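**Q** Structure below; questions to follow.
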Amino acid sequence: MKSSLQGMRTLAAGTAAGAMTAFWGVQALAQDLMGQPTPKGIGLQPAAAPLKHDAIWFHDVILMPIITIITLFVAALLIWVIVRYNARANPVPAKFSHNTTIEVIWTLVPVLILVFISIFSFRLLFAYHDMPRPDLTVKAVGYQWYWGYEYPDHEVGEFISNMLPEEDARAAGVPYLLAANEPMVVPVGKTVRVLVTAADVIHSFAMPAFGLKTDAIPGRVNETWFTAEKEGIYYGQCSELCGADHAYMPIEIRVVSQAEFDAWIASKGGNPAGLAAAAAADAAAPAVEAAAADAATTEGETQDAAATPPESAAPVAAAAAN
Ligand SMILES: [Cu+2]
């Protein structure tokens with residue numbers, strides 16, 4: 001009995017040591033790639049945006065220690081019960097079935113652990129909602145099975161981003177299944193507001209290096225944001241099962257310098273002035289709308305206004321038609 005237990009202990013110690021070596025060995029071997037998954041990697045992708053730093057901190061500093069302690073504690077309890085209270089070691093079991101103190105403890109302690117986690121969890125959630133003033137907006141539309149990107153501030157209409165075919169990806173030395181023929185391009189260090197929606201079924205816009213995962217829902221616009229810290233190529237994928245080619249609609253984001261971004265916008269036939277131009281247009285638009293609204297209210301009943309457009313609004317309507 002004693003020798004078999006000792007054998008088990010040695011085996012357990014050996015297994016644990018082996019597992020730890022494998023764990024740290026993999027950690028040491030795998031130099032995590034920026035913006036894409038690493039073969040044999042087990043950690044989160046390295047962060048390239050503020051939200052991801054916060055998410056990694058929450059995972060590594062708050063969640064993992066709690067998970068580890070609870071797992072070890074429960075495993076130790078199980079082993080203790082198996083060894084100490086089996087039929088041979090404890091032939092006459094106790095007859096009690098309640099213990100108020102322990103019941104209060106095992107109700108309260110998990111509640112307190114969850115409250116503790118929620119403090120940091122909510123902080124992270126609020127950080128996601130607390131978008132700084134965006135420097136540019138990109139609209140991402142999910143389709144079966146590709147993405148469409150539009151730059152409304154820069155007057156770049158929607159263009160389609162498909163997965164790069166295998167031969168092209170191999171020839172270009174980029175990861176097949178992750179690389180796209182038309183990437184989303186954004187300037188480094190600028191806050192990008194991403195408006196996410198879909199045209200057919202639910203998709204999900206996910207970019208691990210930026211800590212993003214936002215559902216793309218038909219008829220709804222979800223909003224998320226990132227500020228890319230480093231130039232480079234970042235890969236993500238649709239993260240909602242959306243049909244047969246769900247695995248073949250990657251997301252590629254290229255983070256480039258402002259000058260390169262402006263050149264890219266120009267090559268797409270857009271206006272590199274971007275938000276400034278859009279703000280000027282916005283400033284002009286409300287004046288026209290207000291004039292039309294004023295005219296409608298002075299006309300009296302809305303039905304009349306709808307039936308016969310007021311004279312002052314007529315030129316606006318005519319201009320819009322032209
Ligand atoms: Cu999808």
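Scheme for the structure tokens: letters A, B, ... for chains in order shown; per-chain residue numbers from 1; ligand numbers from 1 in order shown.
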Check every protein, DNA and RNA residue against ligand 1, keep those with an atom at most 12 Å away (counting only C-alpha atoms and all ligand atoms), and present them as a CSV table (one decimal) with C-alpha atoms, in the first residue's frame.
**A**
```
chain,number,residue,atom,x,y,z
A,140,ALA,CA,-17.2,47.1,-41.8
A,141,VAL,CA,-20.0,45.1,-43.4
A,142,GLY,CA,-20.1,41.3,-43.1
A,143,TYR,CA,-21.4,39.3,-46.1
A,144,GLN,CA,-21.6,35.5,-46.8
A,145,TRP,CA,-18.5,35.2,-47.0
A,146,TYR,CA,-16.4,38.3,-47.2
A,147,TRP,CA,-16.1,41.8,-45.7
A,148,GLY,CA,-16.9,45.1,-47.2
A,162,ASN,CA,-11.9,38.6,-50.1
A,197,THR,CA,-22.9,45.6,-39.4
A,198,ALA,CA,-23.9,42.7,-41.7
A,199,ALA,CA,-26.0,42.4,-44.8
A,200,ASP,CA,-27.3,38.8,-44.6
A,201,VAL,CA,-26.7,36.8,-41.4
A,202,ILE,CA,-24.8,37.5,-38.2
A,203,HIS,CA,-21.0,37.7,-38.5
A,204,SER,CA,-18.5,39.0,-36.0
A,205,PHE,CA,-15.7,41.4,-36.5
A,206,ALA,CA,-12.7,40.1,-34.5
A,214,THR,CA,-18.0,42.8,-32.2
A,215,ASP,CA,-21.0,41.1,-33.6
A,216,ALA,CA,-22.1,42.2,-37.1
A,217,ILE,CA,-25.9,42.1,-37.1
A,218,PRO,CA,-28.1,42.8,-40.1
A,236,GLY,CA,-8.4,38.5,-37.6
A,237,GLN,CA,-11.3,36.3,-38.6
A,238,CYS,CA,-15.1,36.3,-38.6
A,239,SER,CA,-16.0,34.9,-35.2
A,240,GLU,CA,-19.6,34.0,-35.6
A,241,LEU,CA,-20.6,30.7,-37.3
A,242,CYS,CA,-22.2,32.2,-40.4
A,243,GLY,CA,-22.4,29.4,-42.9
A,244,ALA,CA,-20.4,27.1,-45.2
A,245,ASP,CA,-17.5,29.5,-45.8
A,246,HIS,CA,-17.3,31.0,-42.3
A,247,ALA,CA,-13.7,30.0,-42.0
A,248,TYR,CA,-12.8,31.8,-45.2
A,249,MET,CA,-13.6,35.4,-44.6
A,250,PRO,CA,-10.5,36.8,-42.8
A,251,ILE,CA,-10.0,40.3,-41.7
```
**Q** Taking 4 positions as the minimum chain separation for residues in the same chain, which residues sit within 9 Å of Gly269 in chain A when counting only C-alpha atoms? Answer as a PyMOL selection string.
**A** chain A and resi 155-157+264-265
**Q** Tell me, in Å to one decimal, how far CA of Gly189 in chain A is from CA of Gly173 in chain A.
**A**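 Between CA of Gly189 in chain A and CA of Gly173 in chain A the gap works out to 26.7 Å.
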**Q** Measuring atom to atom with only C-alpha atoms, identify which of A:Ile62, A:Ile70, A:Pro187, A:Ser97 is nearest to Ser118 in chain A.
**A**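 Looking only at the distances to Ser118 in chain A, the closest residue turns out to be A:Ile62.
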**Q** List every residue of range 53-148 of chain A that DSSP, applied to the backbone of this structure, assigns to strand (DSSP E), and report them as an mmCIF file with C-alpha atoms, in the first residue's frame.
**A**
```
data_model
loop_
_atom_site.group_PDB
_atom_site.id
_atom_site.type_symbol
_atom_site.label_atom_id
_atom_site.label_comp_id
_atom_site.auth_asym_id
_atom_site.auth_seq_id
_atom_site.Cartn_x
_atom_site.Cartn_y
_atom_site.Cartn_z
ATOM 1 C CA LEU A 136 -11.504 58.397 -38.613
ATOM 2 C CA THR A 137 -14.411 56.039 -39.161
ATOM 3 C CA VAL A 138 -14.446 52.748 -41.025
ATOM 4 C CA LYS A 139 -17.638 50.862 -41.706
ATOM 5 C CA ALA A 140 -17.196 47.082 -41.833
ATOM 6 C CA VAL A 141 -20.014 45.054 -43.359
ATOM 7 C CA GLY A 142 -20.129 41.266 -43.086
ATOM 8 C CA TYR A 143 -21.389 39.263 -46.053
ATOM 9 C CA TYR A 146 -16.379 38.287 -47.221
ATOM 10 C CA TRP A 147 -16.094 41.752 -45.732
ATOM 11 C CA GLY A 148 -16.877 45.145 -47.204
#
```
**Q** For CA of Ala263 in chain A and CA of Pro208 in chain A, quote the distance in Å rounded to one decimal.
**A**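 Taking CA of Ala263 in chain A and CA of Pro208 in chain A, their separation equals 27.0 Å.
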**Q** Select, from A:His53, A:Phe120, A:Tyr235, A:Val185, the residue with the minimum atom-to-atom distance to Ala259 in chain A, counting only C-alpha atoms.
**A** A:Val185
**Q** Could you pull the residues within 8 Å of Val255 in chain A, counting only C-alpha atoms, minus those fewer than 5 positions along the same chain, as a list in words?
**A**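 In the requested form, the answer reads Val185, Val186, Pro187, Val188, Ala228, Lys230, Glu231, Gly232, Ile233 and Tyr234 of chain A.
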**Q** The selected residues should be written to file as a PDB file, in the first residue's frame (atoms: N, CA and C atoms).
**A**
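The resulting again.pdb:
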```pdb
ATOM      1  N   VAL A 185      -7.034  49.580 -44.335  1.00  0.00           N
ATOM      2  CA  VAL A 185      -5.801  50.318 -44.059  1.00  0.00           C
ATOM      3  C   VAL A 185      -6.119  51.464 -43.101  1.00  0.00           C
ATOM      4  N   VAL A 186      -5.302  51.588 -42.050  1.00  0.00           N
ATOM      5  CA  VAL A 186      -5.532  52.676 -41.084  1.00  0.00           C
ATOM      6  C   VAL A 186      -4.186  53.297 -40.700  1.00  0.00           C
ATOM      7  N   PRO A 187      -4.184  54.569 -40.298  1.00  0.00           N
ATOM      8  CA  PRO A 187      -2.934  55.198 -39.872  1.00  0.00           C
ATOM      9  C   PRO A 187      -2.575  54.819 -38.433  1.00  0.00           C
ATOM     10  N   VAL A 188      -1.268  54.739 -38.163  1.00  0.00           N
ATOM     11  CA  VAL A 188      -0.802  54.354 -36.830  1.00  0.00           C
ATOM     12  C   VAL A 188      -1.090  55.488 -35.832  1.00  0.00           C
ATOM     13  N   ALA A 228      -4.211  51.731 -33.028  1.00  0.00           N
ATOM     14  CA  ALA A 228      -3.085  50.826 -33.278  1.00  0.00           C
ATOM     15  C   ALA A 228      -1.783  51.502 -32.869  1.00  0.00           C
ATOM     16  N   LYS A 230       1.414  50.153 -33.316  1.00  0.00           N
ATOM     17  CA  LYS A 230       2.594  49.846 -34.142  1.00  0.00           C
ATOM     18  C   LYS A 230       2.178  49.616 -35.576  1.00  0.00           C
ATOM     19  N   GLU A 231       3.029  50.046 -36.486  1.00  0.00           N
ATOM     20  CA  GLU A 231       2.761  49.744 -37.894  1.00  0.00           C
ATOM     21  C   GLU A 231       2.927  48.251 -38.115  1.00  0.00           C
ATOM     22  N   GLY A 232       2.184  47.714 -39.041  1.00  0.00           N
ATOM     23  CA  GLY A 232       2.317  46.283 -39.315  1.00  0.00           C
ATOM     24  C   GLY A 232       1.045  45.739 -39.921  1.00  0.00           C
ATOM     25  N   ILE A 233       1.041  44.417 -40.097  1.00  0.00           N
ATOM     26  CA  ILE A 233      -0.117  43.746 -40.672  1.00  0.00           C
ATOM     27  C   ILE A 233      -0.757  42.902 -39.569  1.00  0.00           C
ATOM     28  N   TYR A 234      -2.032  43.066 -39.395  1.00  0.00           N
ATOM     29  CA  TYR A 234      -2.749  42.362 -38.327  1.00  0.00           C
ATOM     30  C   TYR A 234      -3.874  41.534 -38.935  1.00  0.00           C
TER      31      TYR A 234
END
```
**Q** So how far away is CA of Lys213 in chain A from CA of Asp54 in chain A, in Å?
**A** 14.6 Å
**Q** Based on DSSP run over this structure's backbone, return all residues of range 101-222 of chain A in alpha helix (DSSP H), as number ranges by chain.
**A** A: 101-129, 166-172
**Q** Can you write out the residues you just picked, keeping C-alpha atoms, as a short mmCIF file (atom, residue, chain, number, x, y, z; two decimals), in the first residue's frame?
**A**
```
data_model
loop_
_atom_site.label_atom_id
_atom_site.label_comp_id
_atom_site.auth_asym_id
_atom_site.auth_seq_id
_atom_site.Cartn_x
_atom_site.Cartn_y
_atom_site.Cartn_z
CA THR A 101 -20.72 27.34 9.38
CA ILE A 102 -19.28 25.56 6.35
CA GLU A 103 -22.48 26.17 4.34
CA VAL A 104 -22.29 29.91 5.03
CA ILE A 105 -18.62 29.91 4.02
CA TRP A 106 -19.10 28.01 0.77
CA THR A 107 -21.92 30.35 -0.22
CA LEU A 108 -20.23 33.61 0.75
CA VAL A 109 -16.70 32.97 -0.53
CA PRO A 110 -17.72 32.31 -4.17
CA VAL A 111 -19.97 35.40 -4.07
CA LEU A 112 -17.07 37.53 -2.83
CA ILE A 113 -14.77 36.07 -5.51
CA LEU A 114 -17.32 36.95 -8.22
CA VAL A 115 -17.79 40.47 -6.84
CA PHE A 116 -14.00 40.92 -6.84
CA ILE A 117 -13.78 39.75 -10.48
CA SER A 118 -16.71 41.95 -11.50
CA ILE A 119 -14.93 45.11 -10.31
CA PHE A 120 -12.15 44.58 -12.88
CA SER A 121 -14.49 43.09 -15.46
CA PHE A 122 -16.77 46.14 -15.42
CA ARG A 123 -13.79 48.47 -15.55
CA LEU A 124 -12.64 46.73 -18.73
CA LEU A 125 -16.17 46.78 -20.16
CA PHE A 126 -16.45 50.52 -19.51
CA ALA A 127 -13.07 51.06 -21.19
CA TYR A 128 -14.51 49.45 -24.32
CA HIS A 129 -17.49 51.80 -24.25
CA GLU A 166 -3.82 29.74 -51.49
CA GLU A 167 -1.33 30.02 -54.42
CA ASP A 168 -1.29 33.83 -54.15
CA ALA A 169 -0.79 33.70 -50.38
CA ARG A 170 2.10 31.18 -50.70
CA ALA A 171 3.69 33.26 -53.47
CA ALA A 172 3.44 36.43 -51.38
#
```
**Q** Name the closest residue to Leu177 in chain A among the candidates A:Ala55, A:Glu252, A:Arg84, A:Asp135; distances are taken between atoms, counting only C-alpha atoms.
**A** A:Glu252
